[in-house]
file input_0.cif (mmCIF, C-alpha atoms)
data_input
#
loop_
_atom_site.group_PDB
_atom_site.id
_atom_site.type_symbol
_atom_site.label_atom_id
_atom_site.label_comp_id
_atom_site.auth_asym_id
_atom_site.auth_seq_id
_atom_site.Cartn_x
_atom_site.Cartn_y
_atom_site.Cartn_z
ATOM 1 C CA MET A 28 5.452 -2.058 -66.329
ATOM 2 C CA LYS A 29 5.119 -5.792 -66.954
ATOM 3 C CA ARG A 30 8.676 -5.970 -68.298
ATOM 4 C CA THR A 31 9.971 -4.097 -65.245
ATOM 5 C CA ILE A 32 8.248 -6.544 -62.913
ATOM 6 C CA LEU A 33 9.727 -9.525 -64.771
ATOM 7 C CA ILE A 34 13.217 -8.045 -64.629
ATOM 8 C CA SER A 35 12.862 -7.340 -60.922
ATOM 9 C CA LEU A 36 11.616 -10.878 -60.289
ATOM 10 C CA ALA A 37 14.561 -12.315 -62.205
ATOM 11 C CA MET A 38 16.964 -10.263 -60.087
ATOM 12 C CA VAL A 39 15.368 -11.548 -56.872
ATOM 13 C CA ILE A 40 15.623 -15.140 -58.114
ATOM 14 C CA ALA A 41 19.277 -14.573 -59.036
ATOM 15 C CA VAL A 42 20.068 -13.324 -55.562
ATOM 16 C CA ILE A 43 18.378 -16.358 -53.995
ATOM 17 C CA THR A 44 19.932 -19.004 -56.224
ATOM 18 C CA PHE A 45 23.377 -17.433 -56.554
ATOM 19 C CA GLY A 46 23.925 -16.533 -52.903
ATOM 20 C CA GLN A 47 24.536 -19.909 -51.275
ATOM 21 C CA SER A 48 27.594 -20.601 -49.143
ATOM 22 C CA ILE A 49 30.158 -23.240 -50.015
ATOM 23 C CA VAL A 50 31.747 -23.811 -46.604
ATOM 24 C CA THR A 51 28.973 -25.724 -44.847
ATOM 25 C CA THR A 52 28.779 -29.198 -43.320
ATOM 26 C CA ASP A 53 25.987 -30.489 -45.575
ATOM 27 C CA LYS A 54 28.134 -30.823 -48.725
ATOM 28 C CA GLN A 55 30.466 -33.456 -50.126
ATOM 29 C CA TRP A 56 32.658 -33.512 -53.232
ATOM 30 C CA ASN A 57 33.867 -36.667 -54.968
ATOM 31 C CA ASN A 58 36.915 -35.805 -57.060
ATOM 32 C CA ARG A 59 38.590 -38.087 -59.547
ATOM 33 C CA ILE A 60 42.373 -38.203 -59.126
ATOM 34 C CA HIS A 61 44.885 -38.849 -61.877
ATOM 35 C CA TYR A 62 48.103 -39.421 -60.015
ATOM 36 C CA TYR A 63 51.372 -38.550 -61.656
ATOM 37 C CA GLU A 64 52.496 -42.178 -62.033
ATOM 38 C CA TYR A 65 49.710 -43.925 -63.987
ATOM 39 C CA TYR A 66 47.376 -44.226 -61.020
ATOM 40 C CA VAL A 67 43.775 -43.190 -60.699
ATOM 41 C CA GLY A 68 41.372 -43.047 -57.790
ATOM 42 C CA THR A 69 38.746 -40.976 -56.024
ATOM 43 C CA GLU A 70 38.873 -38.621 -53.058
ATOM 44 C CA HIS A 71 35.860 -37.646 -50.955
ATOM 45 C CA ILE A 72 35.992 -34.171 -49.409
ATOM 46 C CA LYS A 73 33.711 -32.760 -46.690
ATOM 47 C CA PHE A 74 33.774 -30.037 -44.038
ATOM 48 C CA THR A 75 33.062 -30.859 -40.410
ATOM 49 C CA SER A 76 33.625 -29.218 -37.023
ATOM 50 C CA ASP A 77 34.579 -25.612 -36.279
ATOM 51 C CA THR A 78 38.188 -24.942 -35.339
ATOM 52 C CA ILE A 79 39.566 -21.653 -34.010
ATOM 53 C CA ILE A 80 42.949 -20.697 -35.475
ATOM 54 C CA ASP A 81 44.434 -17.243 -34.813
ATOM 55 C CA SER A 82 41.025 -16.008 -33.626
ATOM 56 C CA LEU A 83 39.392 -17.023 -36.922
ATOM 57 C CA THR A 84 36.792 -19.793 -37.264
ATOM 58 C CA TYR A 85 37.601 -22.502 -39.789
ATOM 59 C CA LYS A 86 35.836 -25.701 -40.747
ATOM 60 C CA LYS A 87 37.952 -28.816 -40.580
ATOM 61 C CA VAL A 88 38.441 -30.374 -44.014
ATOM 62 C CA GLU A 89 38.289 -34.172 -44.034
ATOM 63 C CA ARG A 90 39.241 -36.532 -46.814
ATOM 64 C CA SER A 91 38.533 -40.206 -47.523
ATOM 65 C CA LEU A 92 39.936 -42.358 -50.308
ATOM 66 C CA ASP A 93 37.801 -45.465 -49.816
ATOM 67 C CA GLU A 94 34.465 -46.167 -51.497
ATOM 68 C CA TYR A 95 32.680 -46.883 -48.224
ATOM 69 C CA GLU A 96 33.907 -43.640 -46.634
ATOM 70 C CA GLN A 97 34.872 -45.365 -43.383
ATOM 71 C CA ASN A 98 38.332 -43.864 -43.000
ATOM 72 C CA TRP A 99 38.653 -40.082 -42.911
ATOM 73 C CA GLU A 100 41.727 -37.940 -42.296
ATOM 74 C CA THR A 101 42.116 -34.253 -41.527
ATOM 75 C CA TYR A 102 43.048 -32.567 -44.793
ATOM 76 C CA GLY A 103 43.311 -28.905 -43.910
ATOM 77 C CA PHE A 104 41.161 -26.012 -42.720
ATOM 78 C CA ILE A 105 38.786 -23.764 -44.643
ATOM 79 C CA ARG A 106 36.711 -20.652 -43.997
ATOM 80 C CA GLU A 107 34.379 -18.372 -45.960
ATOM 81 C CA ASN A 108 34.011 -14.616 -45.501
ATOM 82 C CA PRO A 109 30.664 -12.799 -45.782
ATOM 83 C CA ASP A 110 31.939 -11.342 -49.085
ATOM 84 C CA LYS A 111 32.224 -14.909 -50.444
ATOM 85 C CA LYS A 112 35.990 -15.149 -50.400
ATOM 86 C CA ILE A 113 37.146 -18.619 -49.359
ATOM 87 C CA PHE A 114 40.472 -19.313 -47.668
ATOM 88 C CA TYR A 115 42.260 -22.613 -47.105
ATOM 89 C CA LYS A 116 45.374 -23.782 -45.270
ATOM 90 C CA ILE A 117 46.935 -27.243 -45.048
ATOM 91 C CA GLU A 118 48.294 -27.004 -41.496
ATOM 92 C CA PRO A 119 47.120 -24.739 -38.644
ATOM 93 C CA GLY A 120 50.393 -22.800 -38.703
ATOM 94 C CA ASP A 121 50.359 -22.168 -42.458
ATOM 95 C CA VAL A 122 49.494 -18.832 -44.031
ATOM 96 C CA GLU A 123 45.974 -19.085 -45.406
ATOM 97 C CA ARG A 124 45.511 -18.786 -49.169
ATOM 98 C CA MET A 125 42.463 -17.544 -51.029
ATOM 99 C CA ILE A 126 41.107 -20.287 -53.286
ATOM 100 C CA TYR A 127 37.880 -18.552 -54.402
ATOM 101 C CA ASP A 128 36.473 -15.082 -54.744
ATOM 102 C CA LEU A 129 32.839 -15.549 -55.757
ATOM 103 C CA ASN A 130 32.135 -11.822 -55.564
ATOM 104 C CA VAL A 131 34.267 -10.936 -58.584
ATOM 105 C CA GLN A 132 33.065 -8.808 -61.483
ATOM 106 C CA VAL A 133 33.464 -9.343 -65.223
ATOM 107 C CA HIS A 134 36.894 -8.115 -66.455
ATOM 108 C CA ASP A 135 38.434 -8.394 -62.960
ATOM 109 C CA THR A 136 41.925 -9.851 -62.654
ATOM 110 C CA ILE A 137 42.531 -11.938 -59.522
ATOM 111 C CA TYR A 138 44.976 -14.397 -58.009
ATOM 112 C CA ALA A 139 43.506 -17.656 -56.711
ATOM 113 C CA SER A 140 45.357 -20.575 -55.138
ATOM 114 C CA GLY A 141 44.804 -24.304 -55.428
ATOM 115 C CA LEU A 142 45.995 -27.415 -53.621
ATOM 116 C CA ILE A 143 48.765 -29.229 -55.508
ATOM 117 C CA THR A 144 49.719 -32.838 -54.762
ATOM 118 C CA TRP A 145 52.522 -35.036 -55.998
ATOM 119 C CA GLU A 146 53.403 -38.386 -54.386
ATOM 120 C CA ASP A 147 53.243 -37.612 -50.634
ATOM 121 C CA HIS A 148 53.695 -33.865 -51.042
ATOM 122 C CA ARG A 149 51.020 -31.168 -50.668
ATOM 123 C CA TYR A 150 51.465 -27.473 -51.250
ATOM 124 C CA MET A 151 49.548 -24.398 -52.374
ATOM 125 C CA ASP A 152 50.221 -22.515 -55.585
ATOM 126 C CA SER A 153 48.490 -19.533 -57.161
ATOM 127 C CA MET A 154 47.332 -18.575 -60.641
ATOM 128 C CA GLN A 155 46.325 -15.221 -62.090
ATOM 129 C CA TYR A 156 42.875 -15.263 -63.694
ATOM 130 C CA TYR A 157 40.894 -12.900 -65.865
ATOM 131 C CA ILE A 158 37.106 -13.010 -65.349
ATOM 132 C CA ARG A 159 35.708 -13.522 -68.836
ATOM 133 C CA ASN A 160 31.975 -13.664 -68.130
ATOM 134 C CA PHE A 161 29.152 -15.129 -66.082
ATOM 135 C CA ASP A 162 26.488 -17.603 -67.081
ATOM 136 C CA SER A 163 24.419 -20.197 -65.252
ATOM 137 C CA ILE A 164 24.147 -23.972 -65.085
ATOM 138 C CA LEU A 165 21.089 -26.028 -64.206
ATOM 139 C CA ILE A 166 21.805 -28.265 -61.213
ATOM 140 C CA ASP A 167 18.986 -30.263 -59.652
ATOM 141 C CA GLN A 168 16.332 -27.977 -61.170
ATOM 142 C CA THR A 169 18.055 -24.866 -59.828
ATOM 143 C CA TRP A 170 20.016 -22.383 -61.926
ATOM 144 C CA ARG A 171 23.352 -21.655 -60.289
ATOM 145 C CA LYS A 172 25.771 -18.924 -61.247
ATOM 146 C CA ARG A 173 28.908 -19.986 -63.096
ATOM 147 C CA ILE A 174 32.011 -17.823 -63.278
ATOM 148 C CA ASN A 175 34.162 -18.402 -66.363
ATOM 149 C CA LEU A 176 37.859 -17.614 -66.002
ATOM 150 C CA THR A 177 40.654 -17.345 -68.534
ATOM 151 C CA LEU A 178 44.342 -16.569 -68.132
ATOM 152 C CA TRP A 179 44.485 -13.542 -70.416
ATOM 153 C CA PRO A 180 41.913 -10.982 -71.621
ATOM 154 C CA ASP A 181 42.390 -11.963 -75.277
ATOM 155 C CA THR A 182 41.890 -15.693 -74.630
ATOM 156 C CA ILE A 183 38.510 -17.255 -75.335
ATOM 157 C CA TYR A 184 39.240 -20.704 -73.851
ATOM 158 C CA MET A 185 37.902 -21.102 -70.293
ATOM 159 C CA PHE A 186 40.746 -22.402 -68.176
ATOM 160 C CA GLU A 187 38.620 -22.587 -65.054
ATOM 161 C CA GLN A 188 34.951 -22.534 -64.064
ATOM 162 C CA TRP A 189 33.518 -21.871 -60.604
ATOM 163 C CA ILE A 190 29.932 -22.733 -59.765
ATOM 164 C CA ASP A 191 28.177 -20.936 -56.940
ATOM 165 C CA SER A 192 27.818 -23.163 -53.827
ATOM 166 C CA ILE A 193 29.863 -25.950 -55.503
ATOM 167 C CA GLY A 194 33.262 -24.529 -56.417
ATOM 168 C CA SER A 195 35.626 -25.561 -59.178
ATOM 169 C CA LEU A 196 34.832 -28.214 -61.758
ATOM 170 C CA GLY A 197 38.397 -29.303 -61.054
ATOM 171 C CA GLY A 198 37.382 -30.339 -57.522
ATOM 172 C CA MET A 199 36.685 -28.238 -54.454
ATOM 173 C CA LEU A 200 40.271 -27.645 -53.300
ATOM 174 C CA HIS A 201 41.998 -27.870 -56.647
ATOM 175 C CA ASN A 202 42.714 -25.546 -59.501
ATOM 176 C CA ARG A 203 42.225 -27.210 -62.873
ATOM 177 C CA THR A 204 45.027 -25.307 -64.602
ATOM 178 C CA MET A 205 47.682 -26.537 -62.178
ATOM 179 C CA PHE A 206 48.116 -30.186 -63.031
ATOM 180 C CA MET A 207 51.179 -30.183 -65.301
ATOM 181 C CA GLY A 208 53.928 -32.373 -63.848
ATOM 182 C CA CYS A 209 51.859 -33.443 -60.842
ATOM 183 C CA ASP A 210 48.538 -35.032 -59.896
ATOM 184 C CA TYR A 211 45.399 -33.531 -61.360
ATOM 185 C CA TYR A 212 41.766 -33.637 -60.343
ATOM 186 C CA PHE A 213 38.268 -32.999 -61.604
ATOM 187 C CA LEU A 214 34.839 -33.124 -60.019
ATOM 188 C CA LEU A 215 32.915 -36.383 -60.378
ATOM 189 C CA CYS A 216 29.918 -35.773 -58.101
ATOM 190 C CA PHE A 217 28.581 -33.189 -55.687
ATOM 191 C CA PHE A 218 26.162 -33.927 -52.828
ATOM 192 C CA GLU A 219 24.041 -31.756 -50.549
ATOM 193 C CA ASP A 220 22.447 -33.348 -47.482
ATOM 194 C CA GLY A 221 23.472 -36.730 -48.868
ATOM 195 C CA ILE A 222 21.539 -36.136 -52.110
ATOM 196 C CA LEU A 223 23.349 -36.212 -55.447
ATOM 197 C CA LYS A 224 23.039 -32.760 -57.024
ATOM 198 C CA TYR A 225 25.651 -32.887 -59.788
ATOM 199 C CA GLN A 226 27.324 -35.728 -61.673
ATOM 200 C CA ASN A 227 30.011 -35.338 -64.291
ATOM 201 C CA PRO A 228 28.264 -36.203 -67.568
ATOM 202 C CA ASP A 229 31.347 -38.064 -68.813
ATOM 203 C CA TYR A 230 31.200 -40.663 -66.026
ATOM 204 C CA SER A 231 28.571 -43.080 -64.731
ATOM 205 C CA LEU A 232 29.954 -43.539 -61.214
ATOM 206 C CA CYS A 233 30.737 -41.278 -58.255
ATOM 207 C CA HIS A 234 33.667 -43.412 -57.106
ATOM 208 C CA TYR A 235 36.383 -45.174 -59.063
ATOM 209 C CA TRP A 236 38.484 -47.640 -57.131
ATOM 210 C CA PRO A 237 42.170 -46.815 -56.788
ATOM 211 C CA VAL A 238 44.174 -48.838 -59.266
ATOM 212 C CA SER A 239 47.890 -48.639 -59.983
ATOM 213 C CA VAL A 240 50.796 -50.373 -61.613
ATOM 214 C CA LYS A 241 52.188 -51.167 -58.178
ATOM 215 C CA GLU A 242 51.250 -54.644 -57.026
ATOM 216 C CA ASP A 243 49.872 -54.827 -53.514
ATOM 217 C CA LYS A 244 48.397 -57.601 -51.356
ATOM 218 C CA LEU A 245 47.562 -58.423 -47.752
ATOM 219 C CA GLU A 246 50.276 -60.095 -45.728
ATOM 220 C CA GLY A 247 50.200 -63.870 -46.229
ATOM 221 C CA VAL A 248 48.087 -63.733 -49.388
ATOM 222 C CA THR A 249 49.717 -64.977 -52.590
ATOM 223 C CA ILE A 250 48.273 -64.112 -56.003
ATOM 224 C CA ASN A 251 49.514 -65.792 -59.167
ATOM 225 C CA ILE A 252 48.231 -65.214 -62.716
ATOM 226 C CA SER A 253 49.820 -67.485 -65.303
ATOM 227 C CA PRO A 254 50.555 -66.790 -68.024
ATOM 228 C CA ASN A 255 50.670 -63.015 -67.824
ATOM 229 C CA PRO A 256 50.442 -61.566 -70.516
ATOM 230 C CA ILE A 257 47.158 -63.369 -71.181
ATOM 231 C CA THR A 258 47.228 -64.923 -74.653
ATOM 232 C CA GLY A 259 44.346 -67.386 -74.318
ATOM 233 C CA ILE A 260 43.138 -68.725 -70.979
ATOM 234 C CA SER A 261 45.216 -67.833 -67.923
ATOM 235 C CA PHE A 262 44.951 -69.465 -64.543
ATOM 236 C CA LEU A 263 44.461 -67.480 -61.338
ATOM 237 C CA GLU A 264 45.572 -68.967 -58.023
ATOM 238 C CA ILE A 265 45.098 -67.192 -54.680
ATOM 239 C CA LYS A 266 46.542 -68.750 -51.542
ATOM 240 C CA ASN A 267 45.482 -68.099 -47.928
ATOM 241 C CA ILE A 268 42.019 -66.663 -48.591
ATOM 242 C CA ASP A 269 40.043 -69.326 -46.709
ATOM 243 C CA ASN A 270 38.718 -66.722 -44.256
ATOM 244 C CA TYR A 271 37.358 -64.477 -47.008
ATOM 245 C CA ARG A 272 33.841 -64.718 -48.430
ATOM 246 C CA GLN A 273 32.446 -63.379 -51.691
ATOM 247 C CA VAL A 274 35.847 -62.885 -53.236
ATOM 248 C CA CYS A 275 35.581 -60.748 -56.374
ATOM 249 C CA MET A 276 38.101 -59.759 -59.006
ATOM 250 C CA LYS A 277 37.674 -56.543 -61.003
ATOM 251 C CA ILE A 278 39.807 -55.425 -63.919
ATOM 252 C CA PHE A 279 40.202 -51.748 -64.863
ATOM 253 C CA ASN A 280 41.745 -49.936 -67.785
ATOM 254 C CA LEU A 281 44.274 -47.162 -67.143
ATOM 255 C CA PHE A 282 41.479 -44.591 -66.908
ATOM 256 C CA GLY A 283 39.996 -46.459 -63.937
ATOM 257 C CA ILE A 284 37.004 -47.752 -65.917
ATOM 258 C CA GLU A 285 35.899 -51.258 -64.922
ATOM 259 C CA VAL A 286 35.978 -53.606 -67.926
ATOM 260 C CA TRP A 287 35.574 -57.033 -66.284
ATOM 261 C CA SER A 288 34.230 -58.377 -62.994
ATOM 262 C CA LYS A 289 33.804 -61.916 -61.677
ATOM 263 C CA ASN A 290 33.282 -63.753 -58.368
ATOM 264 C CA ILE A 291 36.239 -66.081 -57.994
ATOM 265 C CA GLU A 292 37.482 -69.029 -55.940
ATOM 266 C CA LYS A 293 40.970 -70.042 -54.933
ATOM 267 C CA TYR A 294 41.421 -71.364 -58.465
ATOM 268 C CA SER A 295 39.835 -69.476 -61.370
ATOM 269 C CA THR A 296 40.448 -68.642 -64.999
ATOM 270 C CA ILE A 297 40.625 -65.463 -67.074
ATOM 271 C CA ASN A 298 39.668 -65.775 -70.739
ATOM 272 C CA LYS A 299 41.296 -63.486 -73.276
ATOM 273 C CA GLU A 300 38.073 -63.462 -75.312
ATOM 274 C CA GLU A 301 36.268 -61.588 -72.513
ATOM 275 C CA ILE A 302 38.688 -58.628 -72.363
ATOM 276 C CA PRO A 303 39.972 -56.446 -75.226
ATOM 277 C CA PRO A 304 43.759 -56.433 -75.744
ATOM 278 C CA GLY A 305 45.596 -53.876 -73.628
ATOM 279 C CA PHE A 306 47.301 -53.016 -70.356
ATOM 280 C CA TYR A 307 45.106 -53.415 -67.260
ATOM 281 C CA LEU A 308 45.045 -53.132 -63.500
ATOM 282 C CA TYR A 309 43.190 -55.564 -61.275
ATOM 283 C CA ARG A 310 41.780 -55.521 -57.763
ATOM 284 C CA ILE A 311 40.693 -58.528 -55.714
ATOM 285 C CA SER A 312 38.461 -57.947 -52.698
ATOM 286 C CA GLY A 313 36.633 -59.944 -50.055
ATOM 287 C CA ASN A 314 34.902 -59.189 -46.745
ATOM 288 C CA ASP A 315 34.557 -55.570 -47.955
ATOM 289 C CA LYS A 316 38.320 -55.058 -48.083
ATOM 290 C CA VAL A 317 40.988 -55.178 -50.757
ATOM 291 C CA ILE A 318 42.943 -58.441 -50.698
ATOM 292 C CA GLY A 319 45.363 -57.611 -53.471
ATOM 293 C CA SER A 320 45.953 -55.662 -56.647
ATOM 294 C CA GLY A 321 48.366 -55.623 -59.531
ATOM 295 C CA LYS A 322 48.779 -55.388 -63.297
ATOM 296 C CA LEU A 323 48.111 -57.672 -66.220
ATOM 297 C CA ILE A 324 48.363 -57.547 -69.992
ATOM 298 C CA VAL A 325 45.939 -59.009 -72.506
ATOM 299 C CA GLN A 326 47.452 -59.732 -75.922
#

call {"tool": "encode", "arguments": {"input": "input_0.cif", "output": "structure tokens"}}
result
Amino acid sequence: MKRTILISLAMVIAVITFGQSIVTTDKQWNNRIHYYEYYVGTEHIKFTSDTIIDSLTYKKVERSLDEYEQNWETYGFIRENPDKKIFYKIEPGDVERMIYDLNVQVHDTIYASGLITWEDHRYMDSMQYYIRNFDSILIDQTWRKRINLTLWPDTIYMFEQWIDSIGSLGGMLHNRTMFMGCDYYFLLCFFEDGILKYQNPDYSLCHYWPVSVKEDKLEGVTINISPNPITGISFLEIKNIDNYRQVCMKIFNLFGIEVWSKNIEKYSTINKEEIPPGFYLYRISGNDKVIGSGKLIVQ
């Protein structure tokens, strides 16, 4: 009798903790982006207002690429059925694609789509999955169901993992197996009601500034680092920044990890001894905006 009660209680708990919806307005996903051309950054994804399309109610998907989340753009439309199937479309006139089926059973074979990006292009593509098994993951003191997916029944490696109420560890809209030859994504942080619930254990931040090999600067601003490559002490000169306060320079490696940071003036120096040899990307900001960015080499 006691064992039966414990089993029944466990089933009730499972229903409560594994039955949450994904498509709600209280969630936000921060996804790390590895762009195709040696460029990394972070996207913020959230769902906002209801939108009626072809008599169906969708949530508007919004996306921001800046750390302060001041600039958002419409990034598609998403809806969730009572049977926990989730559909997404990029434009209102597109055919919707199923990106999740959280009501699958072990040994099911399903097709699920993901959002693919490359340069300025966005499109949906699908992948056939085999449901290997279920387990659970502890997130913010709550056990949440995790669905483990492979590509073939005889494959042990988990190509994809979906977590109830969170979605893919590859990022909410993205399918982790679909990044060959294009951009690829993975989940950095997940928030509910503005509270951090999950953070990727491999990273210490929820946002990594966009850095690239393409040099960029505000109109009228001139940035000169000489010599570059840096072989000892290089001199940094920035012209036309008199109206900017608290100017800061940050240097990142090609994985987007900050390795050096310093408040700078119009004339500053960069010492080779402070940065390991390698290829780097820098960003200079002031007045809470990016003034310029580019590349440098430390020898």

call {"tool": "residues_around", "arguments": {"input": "input_0.cif", "residues": "Ser76 (chain A)", "least_positions_apart": "5", "cutoff": "9 Å", "atoms": "only C-alpha atoms", "output": "number ranges by chain"}}
result
A: 52, 85-88

call {"tool": "residues_around", "arguments": {"input": "input_0.cif", "residues": "Ile126 (chain A)", "least_positions_apart": "2", "cutoff": "9 Å", "atoms": "only C-alpha atoms", "output": "PyMOL selection string"}}
result
chain A and resi 112-115+124+128+138-142+153+200-202

call {"tool": "residues_around", "arguments": {"input": "input_0.cif", "residues": "region 265-275 of chain A", "least_positions_apart": "6", "cutoff": "7 Å", "atoms": "only C-alpha atoms", "output": "list in words"}}
result
Gly247, Val248, Thr249, Ile250, Asn251, Lys289, Asn290, Ile291, Glu292, Lys293, Tyr294, Ile311, Ser312, Gly313 and Asn314 of chain A

call {"tool": "residues_around", "arguments": {"input": "input_0.cif", "residues": "Ile252 (chain A)", "least_positions_apart": "3", "cutoff": "10 Å", "atoms": "only C-alpha atoms", "output": "CSV table (one decimal) with C-alpha atoms, in the coordinates of the input"}}
result
chain,number,residue,atom,x,y,z
A,255,ASN,CA,50.7,-63.0,-67.8
A,256,PRO,CA,50.4,-61.6,-70.5
A,257,ILE,CA,47.2,-63.4,-71.2
A,261,SER,CA,45.2,-67.8,-67.9
A,262,PHE,CA,45.0,-69.5,-64.5
A,263,LEU,CA,44.5,-67.5,-61.3
A,264,GLU,CA,45.6,-69.0,-58.0
A,265,ILE,CA,45.1,-67.2,-54.7
A,295,SER,CA,39.8,-69.5,-61.4
A,296,THR,CA,40.4,-68.6,-65.0
A,297,ILE,CA,40.6,-65.5,-67.1
A,322,LYS,CA,48.8,-55.4,-63.3
A,323,LEU,CA,48.1,-57.7,-66.2

call {"tool": "closest_residue", "arguments": {"input": "input_0.cif", "among": "A:Tyr211, A:Phe279, A:Phe217, A:Tyr230", "to": "Lys54 (chain A)", "atoms": "all atoms listed in the file"}}
result
A:Phe217

call {"tool": "atom_distance", "arguments": {"input": "input_0.cif", "atom1": "CA of Ile166 (chain A)", "atom2": "CA of His71 (chain A)"}}
result
19.8 Å

call {"tool": "closest_residue", "arguments": {"input": "input_0.cif", "among": "A:Asp147, A:Tyr157, A:Ile284, A:Gly194", "to": "Val131 (chain A)", "atoms": "all atoms listed in the file"}}
result
A:Tyr157

call {"tool": "closest_residue", "arguments": {"input": "input_0.cif", "among": "A:Thr84, A:Thr144, A:Thr136, A:Asn130", "to": "Tyr102 (chain A)", "atoms": "only C-alpha atoms"}}
result
A:Thr144

call {"tool": "atom_distance", "arguments": {"input": "input_0.cif", "atom1": "CA of Val317 (chain A)", "atom2": "CA of Val286 (chain A)"}}
result
18.0 Å

call {"tool": "closest_residue", "arguments": {"input": "input_0.cif", "among": "A:Ile302, A:Leu223, A:Leu83, A:Val122", "to": "Ile260 (chain A)", "atoms": "all atoms listed in the file"}}
result
A:Ile302

call {"tool": "residues_around", "arguments": {"input": "input_0.cif", "residues": "region 169-181 of chain A", "least_positions_apart": "3", "cutoff": "6 Å", "atoms": "all atoms listed in the file", "output": "mmCIF file with C-alpha atoms, keeping the file's coordinate frame"}}
result
data_model
loop_
_atom_site.group_PDB
_atom_site.id
_atom_site.type_symbol
_atom_site.label_atom_id
_atom_site.label_comp_id
_atom_site.auth_asym_id
_atom_site.auth_seq_id
_atom_site.Cartn_x
_atom_site.Cartn_y
_atom_site.Cartn_z
ATOM 1 C CA THR A 44 19.932 -19.004 -56.224
ATOM 2 C CA PHE A 45 23.377 -17.433 -56.554
ATOM 3 C CA TYR A 156 42.875 -15.263 -63.694
ATOM 4 C CA TYR A 157 40.894 -12.900 -65.865
ATOM 5 C CA ILE A 158 37.106 -13.010 -65.349
ATOM 6 C CA ARG A 159 35.708 -13.522 -68.836
ATOM 7 C CA ASN A 160 31.975 -13.664 -68.130
ATOM 8 C CA PHE A 161 29.152 -15.129 -66.082
ATOM 9 C CA ASP A 162 26.488 -17.603 -67.081
ATOM 10 C CA SER A 163 24.419 -20.197 -65.252
ATOM 11 C CA ILE A 164 24.147 -23.972 -65.085
ATOM 12 C CA LEU A 165 21.089 -26.028 -64.206
ATOM 13 C CA ILE A 166 21.805 -28.265 -61.213
ATOM 14 C CA MET A 185 37.902 -21.102 -70.293
ATOM 15 C CA PHE A 186 40.746 -22.402 -68.176
ATOM 16 C CA GLU A 187 38.620 -22.587 -65.054
ATOM 17 C CA GLN A 188 34.951 -22.534 -64.064
ATOM 18 C CA TRP A 189 33.518 -21.871 -60.604
ATOM 19 C CA ILE A 190 29.932 -22.733 -59.765
ATOM 20 C CA ASP A 191 28.177 -20.936 -56.940
#

call {"tool": "atom_distance", "arguments": {"input": "input_0.cif", "atom1": "CA of Glu94 (chain A)", "atom2": "CA of Asp152 (chain A)"}}
result
28.7 Å

call {"tool": "closest_residue", "arguments": {"input": "input_0.cif", "among": "A:Tyr150, A:Ile49, A:Arg90, A:Tyr184", "to": "Leu129 (chain A)", "atoms": "all atoms listed in the file"}}
result
A:Ile49

call {"tool": "resolve_selection", "arguments": {"input": "input_0.cif", "expression": "the PyMOL selection byres ((chain A and resi 218) around 12)", "output": "PyMOL selection string"}}
result
chain A and resi 49+51-58+71-73+166-167+192-193+214-217+219-226+233

call {"tool": "resolve_selection", "arguments": {"input": "input_0.cif", "expression": "the PyMOL selection byres ((chain A and resi 288) around 7)", "output": "list in words"}}
result
Met276, Lys277, Ile278, Trp287 and Lys289 of chain A

call {"tool": "decode", "arguments": {"input": "input_0.cif", "residues": "region 74-84 of chain A", "atoms": "N, CA and C atoms", "output": "mmCIF file, in the first residue's frame"}}
result
data_model
loop_
_atom_site.group_PDB
_atom_site.id
_atom_site.type_symbol
_atom_site.label_atom_id
_atom_site.label_comp_id
_atom_site.auth_asym_id
_atom_site.auth_seq_id
_atom_site.Cartn_x
_atom_site.Cartn_y
_atom_site.Cartn_z
ATOM 1 N N PHE A 74 8.169 36.022 -26.523
ATOM 2 C CA PHE A 74 6.860 36.013 -27.165
ATOM 3 C C PHE A 74 6.019 37.115 -26.544
ATOM 4 N N THR A 75 5.276 37.834 -27.405
ATOM 5 C CA THR A 75 4.525 38.982 -26.898
ATOM 6 C C THR A 75 3.038 38.858 -27.239
ATOM 7 N N SER A 76 2.517 39.795 -28.004
ATOM 8 C CA SER A 76 1.073 39.932 -28.187
ATOM 9 C C SER A 76 0.475 38.845 -29.077
ATOM 10 N N ASP A 77 -0.835 38.612 -28.889
ATOM 11 C CA ASP A 77 -1.569 37.677 -29.736
ATOM 12 C C ASP A 77 -1.786 38.269 -31.118
ATOM 13 N N THR A 78 -1.715 37.419 -32.121
ATOM 14 C CA THR A 78 -1.956 37.808 -33.502
ATOM 15 C C THR A 78 -2.804 36.730 -34.167
ATOM 16 N N ILE A 79 -3.872 37.128 -34.820
ATOM 17 C CA ILE A 79 -4.747 36.177 -35.511
ATOM 18 C C ILE A 79 -4.297 36.039 -36.959
ATOM 19 N N ILE A 80 -3.959 34.817 -37.360
ATOM 20 C CA ILE A 80 -3.565 34.530 -38.735
ATOM 21 C C ILE A 80 -4.344 33.307 -39.185
ATOM 22 N N ASP A 81 -5.128 33.451 -40.245
ATOM 23 C CA ASP A 81 -5.941 32.342 -40.770
ATOM 24 C C ASP A 81 -6.784 31.706 -39.674
ATOM 25 N N SER A 82 -7.382 32.544 -38.862
ATOM 26 C CA SER A 82 -8.307 32.140 -37.783
ATOM 27 C C SER A 82 -7.611 31.404 -36.639
ATOM 28 N N LEU A 83 -6.291 31.378 -36.633
ATOM 29 C CA LEU A 83 -5.538 30.762 -35.549
ATOM 30 C C LEU A 83 -4.817 31.841 -34.746
ATOM 31 N N THR A 84 -4.696 31.637 -33.432
ATOM 32 C CA THR A 84 -4.062 32.626 -32.566
ATOM 33 C C THR A 84 -2.590 32.283 -32.365
#
